[in-house]
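Q: What follows is a structure written as structure tokens; I'll ask about it next.
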Amino acid sequence: MEIFWHDACLAHDAGEGLWELPGDWPWLDVPEPHPENAARLRTFRHALQHGPVAEHLTWRTGRFATREELERVHTPAYLDFLQQACEGPDRVTLEVNTVVGPGSWDAVCAAAGTALEALASVRAGTPIAYALVRPPGHHAQPTMADGYCLVNNAALVAETARRDGLRVAVLDWDVHHGNGTQEVFTDQPDVLTVSMHMRHGPWGTNHPQTGAPDEVGKDGRNINIELSLGAGDTAYLRALDEIAFPALHEFAPDLLVCASGFDGSAFDPNGRHNLTADGYRQIGKRVAALNLPTVITQEGGYLRGYSALCLHTLIEGLLQLPEPLLDDPLAYIPDDSQCTTTDLDKVKLTHSPYWKAFVGSRPNPS
Ligand SMILES: [Zn+2]
């Protein structure tokens, strides 16, 4: 498997703070770094280079995206605004907790261009390419930054492939709704977007999409699998097996783009779901078994050590290795089967007019 990397992704520095601006937490003696920081990506890289999976990986260097490429999914006015905000010398807050500064523009262009290099490799015959990049992208909308995301890397990969005539499906397992990706393709029936995420409601003016099942998009081509707080391995694997994969099978994409976050883990400060490292391993196995050309972009995952373990186990699964290479020292899985059935039945019922797989779905008696 190929891993795509660019050093400039480390240049984006959102400073300190918890989930809000630094001054809002004066009672902290030692300020927290912004959750989306360079140390997490360095840790991810280190895990893949020094963990037992290392021998299976080939590292490739990415590149900077061009302005023309970025304009495939963002408006010129937004890109002008973003680039200017990154000029420094001070950091600029674009929305509640999305901060840019000197170095951020290089990181944005490196993340986007490196994701496009991963696409180019897959178009040339590599089965799976992983763009290990930051800042993340799946919240970024055509005209605005959102939730640490500045340019939507997954959407850019999908849109680039679509313009080349491919049918593209995007599968997003970050714990947060892939609202930016949904927005980019809302009127685009040639791209199927599927997001599995925790129920969290509206986040404010920058995030009008709630991620609810009834946001079906054009012809049902947007599937939101909203999972109750506490959902874990069982919920995610059932969501894949019962909803995402049947829809993918009917849609029959030429290319799969995965937005890969690890903030669905049981220990993530930004998520309220309970995936374990083995859960990510099972997700990886299932995605690999689809046998689709696949580009993966790095999204969230904020407890960096455990996220790095989850990245490692996901890759083990994607490689379809027969035995686990790493143990999970923290695994604990509460029973999530009860909430799952109700959640999934709601999505199936909502999408039953659009997909044969869900015809005849009935509302849950509870
Ligand atoms: Zn997230």
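Residues in the structure tokens are numbered from 1 in each chain, the chains being A, B, ... in the order shown, and ligands are numbered from 1 in the order shown.
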Neighbouring residues of ligand 1 are defined here as those with any atom at most 12 Å from a ligand atom, counting only C-alpha atoms and all ligand atoms; list them as a VMD selection string.
A: chain A and resid 35 to 36 135 to 140 146 to 149 172 to 180 195 to 198 200 259 to 265 268 to 273 298 to 303 307
Q: With only C-alpha atoms as the counted atoms, please give the residues lying no more than 7 Å from Met1 (chain A), apart from itself and same-chain residues fewer than 6 positions off, as a list in words.
A: His56, Leu57, Thr58, Ile128 and Ala129 of chain A
Q: Would you save the residues of that selection, restricted to N, CA and C atoms, as an mmCIF file, in the first residue's frame?
A:
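New file part19.cif:
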```
data_model
loop_
_atom_site.group_PDB
_atom_site.id
_atom_site.type_symbol
_atom_site.label_atom_id
_atom_site.label_comp_id
_atom_site.auth_asym_id
_atom_site.auth_seq_id
_atom_site.Cartn_x
_atom_site.Cartn_y
_atom_site.Cartn_z
ATOM 1 N N HIS A 56 5.106 -3.295 4.999
ATOM 2 C CA HIS A 56 4.119 -3.443 3.932
ATOM 3 C C HIS A 56 3.845 -2.134 3.194
ATOM 4 N N LEU A 57 4.488 -1.049 3.635
ATOM 5 C CA LEU A 57 4.113 0.275 3.124
ATOM 6 C C LEU A 57 5.205 0.884 2.254
ATOM 7 N N THR A 58 4.776 1.590 1.229
ATOM 8 C CA THR A 58 5.680 2.354 0.376
ATOM 9 C C THR A 58 5.324 3.830 0.529
ATOM 10 N N ILE A 128 -4.844 0.802 -3.351
ATOM 11 C CA ILE A 128 -5.246 1.691 -2.259
ATOM 12 C C ILE A 128 -4.109 2.665 -1.977
ATOM 13 N N ALA A 129 -4.419 3.961 -1.932
ATOM 14 C CA ALA A 129 -3.427 4.977 -1.569
ATOM 15 C C ALA A 129 -3.982 5.825 -0.437
#
```
Q: Region 269-357 of chain A near region 216-226 of chain A within 7 Å: what's each residue's closest atom pair and its distance in Å to one decimal, counting only C-alpha atoms, ordered by chain then ascending residue number, as JSON lines?
A:
```
{"residue": "A:Asp343", "atom": "CA", "partner": "A:Glu226", "partner_atom": "CA", "distance": 6.7}
{"residue": "A:Val347", "atom": "CA", "partner": "A:Ile225", "partner_atom": "CA", "distance": 6.3}
{"residue": "A:His351", "atom": "CA", "partner": "A:Gly220", "partner_atom": "CA", "distance": 6.5}
{"residue": "A:Tyr354", "atom": "CA", "partner": "A:Gly220", "partner_atom": "CA", "distance": 5.5}
```
Q: Calculated over only C-alpha atoms, which of the candidates A:Leu344, A:Val168, A:Ala308, A:Ala252 has the smallest distance to Gln49 (chain A)?
A: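 Of A:Leu344, A:Val168, A:Ala308, A:Ala252, the one nearest Gln49 (chain A) is A:Ala308, counting only C-alpha atoms.
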Q: Quick one: residues within 12 Å of Lys346 (chain A), only C-alpha atoms, excluding same-chain residues fewer than 6 positions away - as a VMD selection string?
A: chain A and resid 212 to 214 223 to 228 239 243 339 to 340 352 358 361 to 366
Q: CA of Thr186 (chain A) and CA of Thr75 (chain A), how far apart in Å?
A: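 CA of Thr186 (chain A) lies 15.6 Å from CA of Thr75 (chain A).
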Q: DSSP says helix (DSSP H, G or I) for which residues of region 196-282 of chain A? Put them as a list in words?
A: Lys218, Asp219, Gly220, Asp233, Thr234, Ala235, Tyr236, Leu237, Arg238, Ala239, Leu240, Asp241, Glu242, Ile243, Ala244, Phe245, Pro246, Ala247, Leu248, His249, Glu250, Phe251, Ala277, Asp278, Gly279, Tyr280, Arg281 and Gln282 of chain A
